[in-house]
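Here is final17.pdb, consisting of PDB, C-alpha atoms, pLDDT in the B column:
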ATOM      1  CA  MET N   1       4.195  64.335 147.337  1.00 71.00           C
ATOM      2  CA  SER N   2       7.591  64.537 149.001  1.00 78.00           C
ATOM      3  CA  SER N   3      10.462  66.440 147.410  1.00 85.00           C
ATOM      4  CA  LYS N   4      12.246  63.106 146.795  1.00 84.00           C
ATOM      5  CA  ALA N   5       9.176  61.677 145.063  1.00 88.00           C
ATOM      6  CA  GLU N   6       8.831  64.857 142.998  1.00 92.00           C
ATOM      7  CA  GLU N   7      12.488  64.591 141.969  1.00 90.00           C
ATOM      8  CA  VAL N   8      12.055  60.954 140.925  1.00 90.00           C
ATOM      9  CA  ALA N   9       8.901  61.784 138.960  1.00 93.00           C
ATOM     10  CA  PHE N  10      10.614  64.691 137.186  1.00 94.00           C
ATOM     11  CA  ASP N  11      13.573  62.460 136.298  1.00 94.00           C
ATOM     12  CA  GLN N  12      11.189  59.846 134.897  1.00 94.00           C
ATOM     13  CA  MET N  13       9.634  62.521 132.705  1.00 95.00           C
ATOM     14  CA  LEU N  14      13.081  63.607 131.463  1.00 94.00           C
ATOM     15  CA  VAL N  15      14.034  59.998 130.679  1.00 94.00           C
ATOM     16  CA  ALA N  16      10.809  59.531 128.719  1.00 94.00           C
ATOM     17  CA  ARG N  17      11.468  62.751 126.771  1.00 95.00           C
ATOM     18  CA  PHE N  18      15.010  61.602 125.984  1.00 94.00           C
ATOM     19  CA  LYS N  19      13.804  58.205 124.775  1.00 94.00           C
ATOM     20  CA  ASN N  20      11.302  59.988 122.530  1.00 94.00           C
ATOM     21  CA  GLY N  21      14.122  61.875 120.823  1.00 93.00           C
ATOM     22  CA  ASP N  22      14.301  65.100 122.851  1.00 93.00           C
ATOM     23  CA  GLY N  23      18.057  65.665 123.261  1.00 88.00           C
ATOM     24  CA  SER N  24      17.508  68.712 125.458  1.00 92.00           C
ATOM     25  CA  ALA N  25      16.109  66.427 128.188  1.00 93.00           C
ATOM     26  CA  PHE N  26      19.605  65.043 128.805  1.00 93.00           C
ATOM     27  CA  ASP N  27      20.988  68.574 129.031  1.00 92.00           C
ATOM     28  CA  GLU N  28      18.486  69.182 131.831  1.00 94.00           C
ATOM     29  CA  MET N  29      19.643  66.019 133.598  1.00 94.00           C
ATOM     30  CA  VAL N  30      23.243  67.207 133.408  1.00 93.00           C
ATOM     31  CA  GLY N  31      22.193  70.566 134.845  1.00 93.00           C
ATOM     32  CA  ARG N  32      20.332  68.881 137.693  1.00 94.00           C
ATOM     33  CA  TYR N  33      23.025  66.403 138.673  1.00 95.00           C
ATOM     34  CA  TRP N  34      26.444  67.700 137.598  1.00 94.00           C
ATOM     35  CA  ASN N  35      27.330  69.405 140.888  1.00 94.00           C
ATOM     36  CA  ARG N  36      26.044  66.532 143.010  1.00 93.00           C
ATOM     37  CA  ILE N  37      27.953  63.897 141.045  1.00 94.00           C
ATOM     38  CA  TYR N  38      31.125  65.991 140.947  1.00 93.00           C
ATOM     39  CA  SER N  39      30.917  66.639 144.706  1.00 91.00           C
ATOM     40  CA  MET N  40      30.601  62.942 145.503  1.00 90.00           C
ATOM     41  CA  VAL N  41      33.390  61.894 143.116  1.00 89.00           C
ATOM     42  CA  ASN N  42      35.702  64.605 144.423  1.00 88.00           C
ATOM     43  CA  GLN N  43      35.099  63.349 147.968  1.00 85.00           C
ATOM     44  CA  LEU N  44      36.117  59.866 146.892  1.00 84.00           C
ATOM     45  CA  LEU N  45      39.132  60.822 144.785  1.00 83.00           C
ATOM     46  CA  ARG N  46      40.384  63.969 146.538  1.00 80.00           C
ATOM     47  CA  ASN N  47      41.545  65.403 143.231  1.00 82.00           C
ATOM     48  CA  PRO N  48      39.444  68.076 141.470  1.00 88.00           C
ATOM     49  CA  GLN N  49      40.854  67.484 137.989  1.00 87.00           C
ATOM     50  CA  ASP N  50      40.311  63.751 138.116  1.00 87.00           C
ATOM     51  CA  ALA N  51      36.889  64.271 139.670  1.00 89.00           C
ATOM     52  CA  GLU N  52      35.999  66.522 136.730  1.00 91.00           C
ATOM     53  CA  GLU N  53      37.105  63.845 134.255  1.00 90.00           C
ATOM     54  CA  VAL N  54      35.229  61.073 136.057  1.00 91.00           C
ATOM     55  CA  THR N  55      32.091  63.224 136.243  1.00 93.00           C
ATOM     56  CA  GLN N  56      32.274  63.924 132.507  1.00 91.00           C
ATOM     57  CA  ASP N  57      32.819  60.241 131.801  1.00 91.00           C
ATOM     58  CA  ALA N  58      29.852  59.308 134.010  1.00 92.00           C
ATOM     59  CA  PHE N  59      27.536  61.545 132.003  1.00 93.00           C
ATOM     60  CA  ILE N  60      28.953  60.290 128.699  1.00 92.00           C
ATOM     61  CA  ARG N  61      28.287  56.707 129.755  1.00 92.00           C
ATOM     62  CA  ALA N  62      24.843  57.590 131.060  1.00 93.00           C
ATOM     63  CA  HIS N  63      24.002  59.269 127.742  1.00 93.00           C
ATOM     64  CA  ARG N  64      25.073  56.177 125.801  1.00 91.00           C
ATOM     65  CA  ALA N  65      23.119  53.789 128.036  1.00 92.00           C
ATOM     66  CA  LEU N  66      20.028  55.865 128.788  1.00 93.00           C
ATOM     67  CA  GLY N  67      18.078  54.418 125.868  1.00 90.00           C
ATOM     68  CA  ASN N  68      18.256  51.030 127.605  1.00 91.00           C
ATOM     69  CA  PHE N  69      17.538  52.363 131.102  1.00 91.00           C
ATOM     70  CA  ARG N  70      14.605  50.288 132.392  1.00 88.00           C
ATOM     71  CA  GLY N  71      13.823  52.357 135.471  1.00 86.00           C
ATOM     72  CA  ASP N  72      14.304  49.487 137.945  1.00 86.00           C
ATOM     73  CA  SER N  73      15.907  52.090 140.210  1.00 88.00           C
ATOM     74  CA  ALA N  74      15.642  55.871 140.319  1.00 91.00           C
ATOM     75  CA  PHE N  75      17.609  57.662 137.602  1.00 94.00           C
ATOM     76  CA  SER N  76      19.680  59.400 140.281  1.00 93.00           C
ATOM     77  CA  THR N  77      20.605  56.066 141.900  1.00 92.00           C
ATOM     78  CA  TRP N  78      21.616  54.656 138.507  1.00 93.00           C
ATOM     79  CA  LEU N  79      23.728  57.744 137.764  1.00 94.00           C
ATOM     80  CA  TYR N  80      25.427  57.651 141.176  1.00 92.00           C
ATOM     81  CA  GLN N  81      26.197  53.961 140.584  1.00 90.00           C
ATOM     82  CA  ILE N  82      27.900  54.740 137.268  1.00 92.00           C
ATOM     83  CA  ALA N  83      29.932  57.546 138.851  1.00 92.00           C
ATOM     84  CA  THR N  84      30.879  55.474 141.899  1.00 90.00           C
ATOM     85  CA  ASN N  85      32.114  52.604 139.726  1.00 87.00           C
ATOM     86  CA  LEU N  86      34.201  54.980 137.607  1.00 90.00           C
ATOM     87  CA  ALA N  87      35.640  56.614 140.737  1.00 87.00           C
ATOM     88  CA  ARG N  88      36.545  53.183 142.110  1.00 83.00           C
ATOM     89  CA  ASN N  89      38.335  52.331 138.867  1.00 81.00           C
ATOM     90  CA  ARG N  90      40.262  55.596 138.990  1.00 77.00           C
ATOM     91  CA  TYR N  91      41.156  55.059 142.640  1.00 70.00           C
ATOM     92  CA  TRP N  92      42.599  51.588 141.973  1.00 63.00           C
ATOM     93  CA  TYR N  93      44.457  52.940 138.949  1.00 59.00           C
ATOM     94  CA  TRP N  94      46.131  55.413 141.322  1.00 55.00           C
ATOM     95  CA  TRP N  95      46.756  52.843 143.985  1.00 50.00           C
ATOM     96  CA  ARG N  96      48.557  50.505 141.596  1.00 50.00           C
ATOM     97  CA  ARG N  97      50.872  53.355 140.595  1.00 51.00           C
ATOM     98  CA  LYS N  98      51.232  54.593 144.191  1.00 44.00           C
ATOM     99  CA  ARG N  99      50.115  58.064 143.190  1.00 40.00           C
ATOM    100  CA  ASP N 100      50.109  60.670 145.954  1.00 44.00           C
ATOM    101  CA  LYS N 101      46.865  62.463 146.650  1.00 44.00           C
ATOM    102  CA  SER N 102      46.594  65.878 148.235  1.00 44.00           C
ATOM    103  CA  VAL N 103      43.786  66.753 150.597  1.00 45.00           C
ATOM    104  CA  SER N 104      42.431  70.049 151.810  1.00 50.00           C
ATOM    105  CA  ILE N 105      40.903  69.582 155.217  1.00 47.00           C
ATOM    106  CA  ASP N 106      39.971  73.219 155.702  1.00 50.00           C
ATOM    107  CA  ALA N 107      37.843  73.671 152.609  1.00 52.00           C
ATOM    108  CA  PRO N 108      34.152  72.782 152.453  1.00 56.00           C
ATOM    109  CA  ILE N 109      33.760  69.189 151.342  1.00 52.00           C
ATOM    110  CA  SER N 110      31.008  70.064 148.890  1.00 52.00           C
ATOM    111  CA  GLY N 111      30.109  72.923 146.620  1.00 54.00           C
ATOM    112  CA  ASP N 112      26.543  72.520 147.880  1.00 55.00           C
ATOM    113  CA  ASN N 113      27.214  73.583 151.475  1.00 53.00           C
ATOM    114  CA  ASP N 114      29.853  74.644 154.016  1.00 60.00           C
ATOM    115  CA  LEU N 115      30.174  71.251 155.731  1.00 56.00           C
ATOM    116  CA  THR N 116      33.793  70.513 156.662  1.00 57.00           C
ATOM    117  CA  LEU N 117      35.568  67.213 157.045  1.00 51.00           C
ATOM    118  CA  ALA N 118      35.254  67.520 160.822  1.00 52.00           C
ATOM    119  CA  GLU N 119      31.511  67.135 160.470  1.00 52.00           C
ATOM    120  CA  VAL N 120      31.590  64.007 158.308  1.00 52.00           C
ATOM    121  CA  ILE N 121      31.357  61.619 161.224  1.00 44.00           C
ATOM    122  CA  PRO N 122      28.495  62.296 163.627  1.00 44.00           C
ATOM    123  CA  ALA N 123      29.713  63.262 167.083  1.00 43.00           C
ATOM    124  CA  GLU N 124      28.159  61.474 170.016  1.00 43.00           C
ATOM    125  CA  VAL N 125      27.170  64.641 171.856  1.00 41.00           C
ATOM    126  CA  GLU N 126      23.861  66.220 172.753  1.00 36.00           C
ATOM    127  CA  SER N 127      24.149  69.128 170.348  1.00 39.00           C
ATOM    128  CA  PRO N 128      26.618  70.490 167.772  1.00 42.00           C
ATOM    129  CA  ASP N 129      26.920  73.587 169.960  1.00 41.00           C
ATOM    130  CA  ASP N 130      28.337  71.454 172.772  1.00 38.00           C
ATOM    131  CA  ILE N 131      31.665  70.901 171.043  1.00 40.00           C
ATOM    132  CA  THR N 132      34.339  73.117 169.554  1.00 42.00           C
ATOM    133  CA  VAL N 133      36.342  71.394 166.878  1.00 44.00           C
ATOM    134  CA  THR N 134      39.953  72.526 166.859  1.00 45.00           C
ATOM    135  CA  GLN N 135      42.101  72.701 163.763  1.00 51.00           C
ATOM    136  CA  GLU N 136      44.228  69.861 165.111  1.00 57.00           C
ATOM    137  CA  PHE N 137      41.159  67.642 165.433  1.00 56.00           C
ATOM    138  CA  VAL N 138      40.030  68.544 161.896  1.00 56.00           C
ATOM    139  CA  SER N 139      43.507  67.648 160.673  1.00 63.00           C
ATOM    140  CA  ARG N 140      43.391  64.290 162.438  1.00 70.00           C
ATOM    141  CA  ILE N 141      39.998  63.468 160.914  1.00 68.00           C
ATOM    142  CA  GLY N 142      41.333  64.331 157.477  1.00 70.00           C
ATOM    143  CA  LYS N 143      44.358  62.099 157.967  1.00 75.00           C
ATOM    144  CA  GLY N 144      42.190  59.340 159.414  1.00 78.00           C
ATOM    145  CA  MET N 145      39.813  59.416 156.443  1.00 78.00           C
ATOM    146  CA  GLU N 146      42.752  59.222 154.042  1.00 79.00           C
ATOM    147  CA  LYS N 147      44.039  56.078 155.784  1.00 82.00           C
ATOM    148  CA  LEU N 148      40.712  54.264 155.519  1.00 86.00           C
ATOM    149  CA  SER N 149      40.276  51.609 152.878  1.00 87.00           C
ATOM    150  CA  ALA N 150      38.544  52.730 149.688  1.00 85.00           C
ATOM    151  CA  LYS N 151      35.381  50.815 150.701  1.00 88.00           C
ATOM    152  CA  HIS N 152      35.215  52.451 154.120  1.00 89.00           C
ATOM    153  CA  ARG N 153      35.874  55.975 152.866  1.00 87.00           C
ATOM    154  CA  GLU N 154      33.353  55.464 150.067  1.00 88.00           C
ATOM    155  CA  ILE N 155      30.557  54.354 152.378  1.00 88.00           C
ATOM    156  CA  LEU N 156      31.164  57.163 154.897  1.00 85.00           C
ATOM    157  CA  VAL N 157      31.046  59.737 152.102  1.00 83.00           C
ATOM    158  CA  LEU N 158      27.751  58.322 150.791  1.00 86.00           C
ATOM    159  CA  ARG N 159      26.160  58.110 154.257  1.00 84.00           C
ATOM    160  CA  ASN N 160      27.559  61.107 156.136  1.00 77.00           C
ATOM    161  CA  VAL N 161      28.382  63.584 153.378  1.00 72.00           C
ATOM    162  CA  LYS N 162      25.767  62.832 150.712  1.00 78.00           C
ATOM    163  CA  ASN N 163      23.153  61.787 153.329  1.00 81.00           C
ATOM    164  CA  PHE N 164      22.070  58.749 151.323  1.00 85.00           C
ATOM    165  CA  SER N 165      19.640  56.333 152.960  1.00 88.00           C
ATOM    166  CA  TYR N 166      20.692  52.730 153.563  1.00 89.00           C
ATOM    167  CA  GLU N 167      18.483  51.718 150.642  1.00 91.00           C
ATOM    168  CA  GLU N 168      20.102  54.249 148.297  1.00 89.00           C
ATOM    169  CA  ILE N 169      23.605  53.168 149.314  1.00 91.00           C
ATOM    170  CA  ALA N 170      22.675  49.515 148.768  1.00 91.00           C
ATOM    171  CA  ALA N 171      21.436  50.336 145.258  1.00 90.00           C
ATOM    172  CA  VAL N 172      24.473  52.459 144.362  1.00 89.00           C
ATOM    173  CA  LEU N 173      27.015  49.921 145.609  1.00 91.00           C
ATOM    174  CA  GLY N 174      25.087  46.804 144.612  1.00 90.00           C
ATOM    175  CA  ILE N 175      25.125  45.318 148.112  1.00 91.00           C
ATOM    176  CA  SER N 176      22.455  44.354 150.661  1.00 92.00           C
ATOM    177  CA  ILE N 177      21.141  46.769 153.283  1.00 90.00           C
ATOM    178  CA  GLY N 178      22.608  44.524 155.983  1.00 88.00           C
ATOM    179  CA  THR N 179      26.019  44.795 154.342  1.00 91.00           C
ATOM    180  CA  VAL N 180      25.601  48.571 154.160  1.00 91.00           C
ATOM    181  CA  LYS N 181      24.912  48.792 157.886  1.00 89.00           C
ATOM    182  CA  SER N 182      27.768  46.520 158.881  1.00 88.00           C
ATOM    183  CA  ARG N 183      30.216  48.261 156.525  1.00 90.00           C
ATOM    184  CA  ILE N 184      29.259  51.668 157.950  1.00 89.00           C
ATOM    185  CA  ALA N 185      29.773  50.331 161.477  1.00 85.00           C
ATOM    186  CA  ARG N 186      33.180  48.878 160.539  1.00 88.00           C
ATOM    187  CA  ALA N 187      34.182  52.088 158.740  1.00 88.00           C
ATOM    188  CA  ARG N 188      33.297  54.236 161.743  1.00 85.00           C
ATOM    189  CA  GLU N 189      35.116  51.852 164.070  1.00 85.00           C
ATOM    190  CA  SER N 190      38.153  51.930 161.809  1.00 87.00           C
ATOM    191  CA  LEU N 191      38.128  55.722 161.818  1.00 83.00           C
ATOM    192  CA  ARG N 192      37.746  55.772 165.600  1.00 80.00           C
ATOM    193  CA  GLY N 193      40.749  53.476 165.857  1.00 81.00           C
ATOM    194  CA  ARG N 194      42.823  55.786 163.698  1.00 78.00           C
ATOM    195  CA  MET N 195      41.662  58.840 165.620  1.00 72.00           C
ATOM    196  CA  GLY N 196      42.478  57.321 169.019  1.00 65.00           C
ATOM    197  CA  GLU N 197      41.022  58.558 172.267  1.00 46.00           C
ATOM    198  CA  ASP N 198      40.016  61.973 170.896  1.00 46.00           C
ATOM    199  CA  PHE N 199      37.303  60.358 168.783  1.00 49.00           C
ATOM    200  CA  LYS N 200      35.801  58.167 171.508  1.00 44.00           C
TER
END

Please rewrite the model in this file as structure tokens.
Amino acid sequence: MSSKAEEVAFDQMLVARFKNGDGSAFDEMVGRYWNRIYSMVNQLLRNPQDAEEVTQDAFIRAHRALGNFRGDSAFSTWLYQIATNLARNRYWYWWRRKRDKSVSIDAPISGDNDLTLAEVIPAEVESPDDITVTQEFVSRIGKGMEKLSAKHREILVLRNVKNFSYEEIAAVLGISIGTVKSRIARARESLRGRMGEDFK
């Protein structure tokens, strides 16, 4: 059994325990997914405090709805969908009020690893060792990502940062796999356009 299949099976067992009245099962779910959900939301919102609030809200909503969870998708996909929708709502709330967002392009983009923003978009080179990314280039990627539409930034974070499959992205965003592929292509092209010749 693959690690993904084992994770899904373990989640199913936790859901069953929760539905049978074992409150500690949800605590285990929070422990398993808190950092992953927070990391994704923080990538979308670029604001740690708001990401913390959205992550908390996602788990609160999941707790309330888990009794009715039918298991049509994996628990993790369902949870990511809740968090993504909440992050979208928060983003549009900001946008309507023209709130400024600060971005740190030097820091790791996730608490799970040391990946930097420069590595979000795959480089078209033979090997990562073939290229040296300068601070100026990292800065330009950060600025380019910030200028992308919410949909484009969202899909690049799910694909290139969280390493979701096309199928997982389709489930999280509620769109077809074909739409996922075309949106990723458009998002990358948009970022290339904003980066100019250095990204080609």

Between N:Glu189, N:Glu6, N:Asp72, N:Glu167, which has the minimum distance to Met145 in chain N (counting only C-alpha atoms)?
->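 Nearest candidate to Met145 in chain N out of N:Glu189, N:Glu6, N:Asp72, N:Glu167: N:Glu189.
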
In Å, how far is it from CA of Leu158 in chain N to CA of Thr84 in chain N?
->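 For CA of Leu158 in chain N relative to CA of Thr84 in chain N, the distance reads 9.8 Å.
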
Name the residues that the PyMOL selection byres ((chain N and resi 76) around 12) picks from the file above, as an mmCIF file with C-alpha atoms, in the frame of the given file, using the file's chain letters and numbers.
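Listing of out-v3.cif after writing:
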data_model
loop_
_atom_site.group_PDB
_atom_site.id
_atom_site.type_symbol
_atom_site.label_atom_id
_atom_site.label_comp_id
_atom_site.auth_asym_id
_atom_site.auth_seq_id
_atom_site.Cartn_x
_atom_site.Cartn_y
_atom_site.Cartn_z
ATOM 1 C CA LYS N 4 12.246 63.106 146.795
ATOM 2 C CA ALA N 5 9.176 61.677 145.063
ATOM 3 C CA GLU N 7 12.488 64.591 141.969
ATOM 4 C CA VAL N 8 12.055 60.954 140.925
ATOM 5 C CA ALA N 9 8.901 61.784 138.960
ATOM 6 C CA PHE N 10 10.614 64.691 137.186
ATOM 7 C CA ASP N 11 13.573 62.460 136.298
ATOM 8 C CA GLN N 12 11.189 59.846 134.897
ATOM 9 C CA LEU N 14 13.081 63.607 131.463
ATOM 10 C CA VAL N 15 14.034 59.998 130.679
ATOM 11 C CA MET N 29 19.643 66.019 133.598
ATOM 12 C CA VAL N 30 23.243 67.207 133.408
ATOM 13 C CA ARG N 32 20.332 68.881 137.693
ATOM 14 C CA TYR N 33 23.025 66.403 138.673
ATOM 15 C CA TRP N 34 26.444 67.700 137.598
ATOM 16 C CA ARG N 36 26.044 66.532 143.010
ATOM 17 C CA ILE N 37 27.953 63.897 141.045
ATOM 18 C CA ALA N 58 29.852 59.308 134.010
ATOM 19 C CA PHE N 59 27.536 61.545 132.003
ATOM 20 C CA ALA N 62 24.843 57.590 131.060
ATOM 21 C CA PHE N 69 17.538 52.363 131.102
ATOM 22 C CA GLY N 71 13.823 52.357 135.471
ATOM 23 C CA ASP N 72 14.304 49.487 137.945
ATOM 24 C CA SER N 73 15.907 52.090 140.210
ATOM 25 C CA ALA N 74 15.642 55.871 140.319
ATOM 26 C CA PHE N 75 17.609 57.662 137.602
ATOM 27 C CA THR N 77 20.605 56.066 141.900
ATOM 28 C CA TRP N 78 21.616 54.656 138.507
ATOM 29 C CA LEU N 79 23.728 57.744 137.764
ATOM 30 C CA TYR N 80 25.427 57.651 141.176
ATOM 31 C CA GLN N 81 26.197 53.961 140.584
ATOM 32 C CA ILE N 82 27.900 54.740 137.268
ATOM 33 C CA ALA N 83 29.932 57.546 138.851
ATOM 34 C CA THR N 84 30.879 55.474 141.899
ATOM 35 C CA PHE N 164 22.070 58.749 151.323
ATOM 36 C CA GLU N 168 20.102 54.249 148.297
ATOM 37 C CA ILE N 169 23.605 53.168 149.314
ATOM 38 C CA ALA N 171 21.436 50.336 145.258
ATOM 39 C CA VAL N 172 24.473 52.459 144.362
#

Enumerate, as an mmCIF file with C-alpha atoms, in the coordinates of the input, the residues matched when the PyMOL selection byres ((chain N and resi 179-186) around 9) is run on the file above.
data_model
loop_
_atom_site.group_PDB
_atom_site.id
_atom_site.type_symbol
_atom_site.label_atom_id
_atom_site.label_comp_id
_atom_site.auth_asym_id
_atom_site.auth_seq_id
_atom_site.Cartn_x
_atom_site.Cartn_y
_atom_site.Cartn_z
ATOM 1 C CA LYS N 151 35.381 50.815 150.701
ATOM 2 C CA HIS N 152 35.215 52.451 154.120
ATOM 3 C CA ILE N 155 30.557 54.354 152.378
ATOM 4 C CA LEU N 156 31.164 57.163 154.897
ATOM 5 C CA ARG N 159 26.160 58.110 154.257
ATOM 6 C CA TYR N 166 20.692 52.730 153.563
ATOM 7 C CA GLU N 167 18.483 51.718 150.642
ATOM 8 C CA ILE N 169 23.605 53.168 149.314
ATOM 9 C CA ALA N 170 22.675 49.515 148.768
ATOM 10 C CA LEU N 173 27.015 49.921 145.609
ATOM 11 C CA ILE N 175 25.125 45.318 148.112
ATOM 12 C CA SER N 176 22.455 44.354 150.661
ATOM 13 C CA ILE N 177 21.141 46.769 153.283
ATOM 14 C CA GLY N 178 22.608 44.524 155.983
ATOM 15 C CA ALA N 187 34.182 52.088 158.740
ATOM 16 C CA ARG N 188 33.297 54.236 161.743
ATOM 17 C CA GLU N 189 35.116 51.852 164.070
ATOM 18 C CA SER N 190 38.153 51.930 161.809
ATOM 19 C CA LEU N 191 38.128 55.722 161.818
#

In Å, with one decimal, what is the gap from CA of Glu154 in chain N to CA of His63 in chain N?
->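 Here the two named atoms are 24.5 Å from each other.
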
Mind giving me the straight-line distance from CA of Ser149 in chain N to CA of Ala51 in chain N in Å, one decimal?
->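 Separating CA of Ser149 in chain N from CA of Ala51 in chain N is a distance of 18.6 Å.
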
Tell me, as a PyMOL selection string, which residues lie within 10 Å of Val41 in chain N, counting all atoms listed in the file; anything in the same chain fewer than 2 positions away does not count.
-> chain N and resi 35-39+43-48+50-55+80+83-88+154+157

Pull C-alpha atoms from the residues just selected and write them as an mmCIF file, in the frame of the given file.
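Contents of the output file part-v4.cif:
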data_model
loop_
_atom_site.group_PDB
_atom_site.id
_atom_site.type_symbol
_atom_site.label_atom_id
_atom_site.label_comp_id
_atom_site.auth_asym_id
_atom_site.auth_seq_id
_atom_site.Cartn_x
_atom_site.Cartn_y
_atom_site.Cartn_z
ATOM 1 C CA ASN N 35 27.330 69.405 140.888
ATOM 2 C CA ARG N 36 26.044 66.532 143.010
ATOM 3 C CA ILE N 37 27.953 63.897 141.045
ATOM 4 C CA TYR N 38 31.125 65.991 140.947
ATOM 5 C CA SER N 39 30.917 66.639 144.706
ATOM 6 C CA GLN N 43 35.099 63.349 147.968
ATOM 7 C CA LEU N 44 36.117 59.866 146.892
ATOM 8 C CA LEU N 45 39.132 60.822 144.785
ATOM 9 C CA ARG N 46 40.384 63.969 146.538
ATOM 10 C CA ASN N 47 41.545 65.403 143.231
ATOM 11 C CA PRO N 48 39.444 68.076 141.470
ATOM 12 C CA ASP N 50 40.311 63.751 138.116
ATOM 13 C CA ALA N 51 36.889 64.271 139.670
ATOM 14 C CA GLU N 52 35.999 66.522 136.730
ATOM 15 C CA GLU N 53 37.105 63.845 134.255
ATOM 16 C CA VAL N 54 35.229 61.073 136.057
ATOM 17 C CA THR N 55 32.091 63.224 136.243
ATOM 18 C CA TYR N 80 25.427 57.651 141.176
ATOM 19 C CA ALA N 83 29.932 57.546 138.851
ATOM 20 C CA THR N 84 30.879 55.474 141.899
ATOM 21 C CA ASN N 85 32.114 52.604 139.726
ATOM 22 C CA LEU N 86 34.201 54.980 137.607
ATOM 23 C CA ALA N 87 35.640 56.614 140.737
ATOM 24 C CA ARG N 88 36.545 53.183 142.110
ATOM 25 C CA GLU N 154 33.353 55.464 150.067
ATOM 26 C CA VAL N 157 31.046 59.737 152.102
#

Can you put all heavy atoms back into range 173-178 of chain N and show it as a PDB file, keeping the file's coordinate frame?
ATOM      1  N   LEU N 173      25.860  50.805 145.488  1.00 91.00           N
ATOM      2  CA  LEU N 173      27.015  49.921 145.609  1.00 91.00           C
ATOM      3  C   LEU N 173      26.723  48.477 145.203  1.00 91.00           C
ATOM      4  O   LEU N 173      27.640  47.664 145.107  1.00 91.00           O
ATOM      5  CB  LEU N 173      27.560  49.953 147.042  1.00 91.00           C
ATOM      6  CG  LEU N 173      28.040  51.315 147.558  1.00 91.00           C
ATOM      7  CD1 LEU N 173      28.600  51.176 148.967  1.00 91.00           C
ATOM      8  CD2 LEU N 173      29.096  51.901 146.625  1.00 91.00           C
ATOM      9  N   GLY N 174      25.444  48.164 145.000  1.00 90.00           N
ATOM     10  CA  GLY N 174      25.087  46.804 144.612  1.00 90.00           C
ATOM     11  C   GLY N 174      25.294  45.790 145.725  1.00 90.00           C
ATOM     12  O   GLY N 174      25.721  44.659 145.492  1.00 90.00           O
ATOM     13  N   ILE N 175      24.986  46.209 146.962  1.00 91.00           N
ATOM     14  CA  ILE N 175      25.125  45.318 148.112  1.00 91.00           C
ATOM     15  C   ILE N 175      23.822  45.341 148.914  1.00 91.00           C
ATOM     16  O   ILE N 175      22.950  46.176 148.670  1.00 91.00           O
ATOM     17  CB  ILE N 175      26.311  45.728 149.025  1.00 91.00           C
ATOM     18  CG1 ILE N 175      26.145  47.180 149.513  1.00 91.00           C
ATOM     19  CG2 ILE N 175      27.636  45.558 148.287  1.00 91.00           C
ATOM     20  CD1 ILE N 175      27.278  47.668 150.425  1.00 91.00           C
ATOM     21  N   SER N 176      23.676  44.407 149.860  1.00 92.00           N
ATOM     22  CA  SER N 176      22.455  44.354 150.661  1.00 92.00           C
ATOM     23  C   SER N 176      22.452  45.454 151.717  1.00 92.00           C
ATOM     24  O   SER N 176      23.503  46.008 152.070  1.00 92.00           O
ATOM     25  CB  SER N 176      22.338  42.994 151.353  1.00 92.00           C
ATOM     26  OG  SER N 176      23.309  42.890 152.384  1.00 92.00           O
ATOM     27  N   ILE N 177      21.265  45.757 152.236  1.00 90.00           N
ATOM     28  CA  ILE N 177      21.141  46.769 153.283  1.00 90.00           C
ATOM     29  C   ILE N 177      21.894  46.327 154.537  1.00 90.00           C
ATOM     30  O   ILE N 177      22.536  47.133 155.213  1.00 90.00           O
ATOM     31  CB  ILE N 177      19.655  47.054 153.597  1.00 90.00           C
ATOM     32  CG1 ILE N 177      19.006  47.763 152.399  1.00 90.00           C
ATOM     33  CG2 ILE N 177      19.518  47.899 154.858  1.00 90.00           C
ATOM     34  CD1 ILE N 177      17.522  47.987 152.530  1.00 90.00           C
ATOM     35  N   GLY N 178      21.857  45.033 154.840  1.00 88.00           N
ATOM     36  CA  GLY N 178      22.608  44.524 155.983  1.00 88.00           C
ATOM     37  C   GLY N 178      24.102  44.754 155.827  1.00 88.00           C
ATOM     38  O   GLY N 178      24.789  45.132 156.786  1.00 88.00           O
TER      39      GLY N 178
END
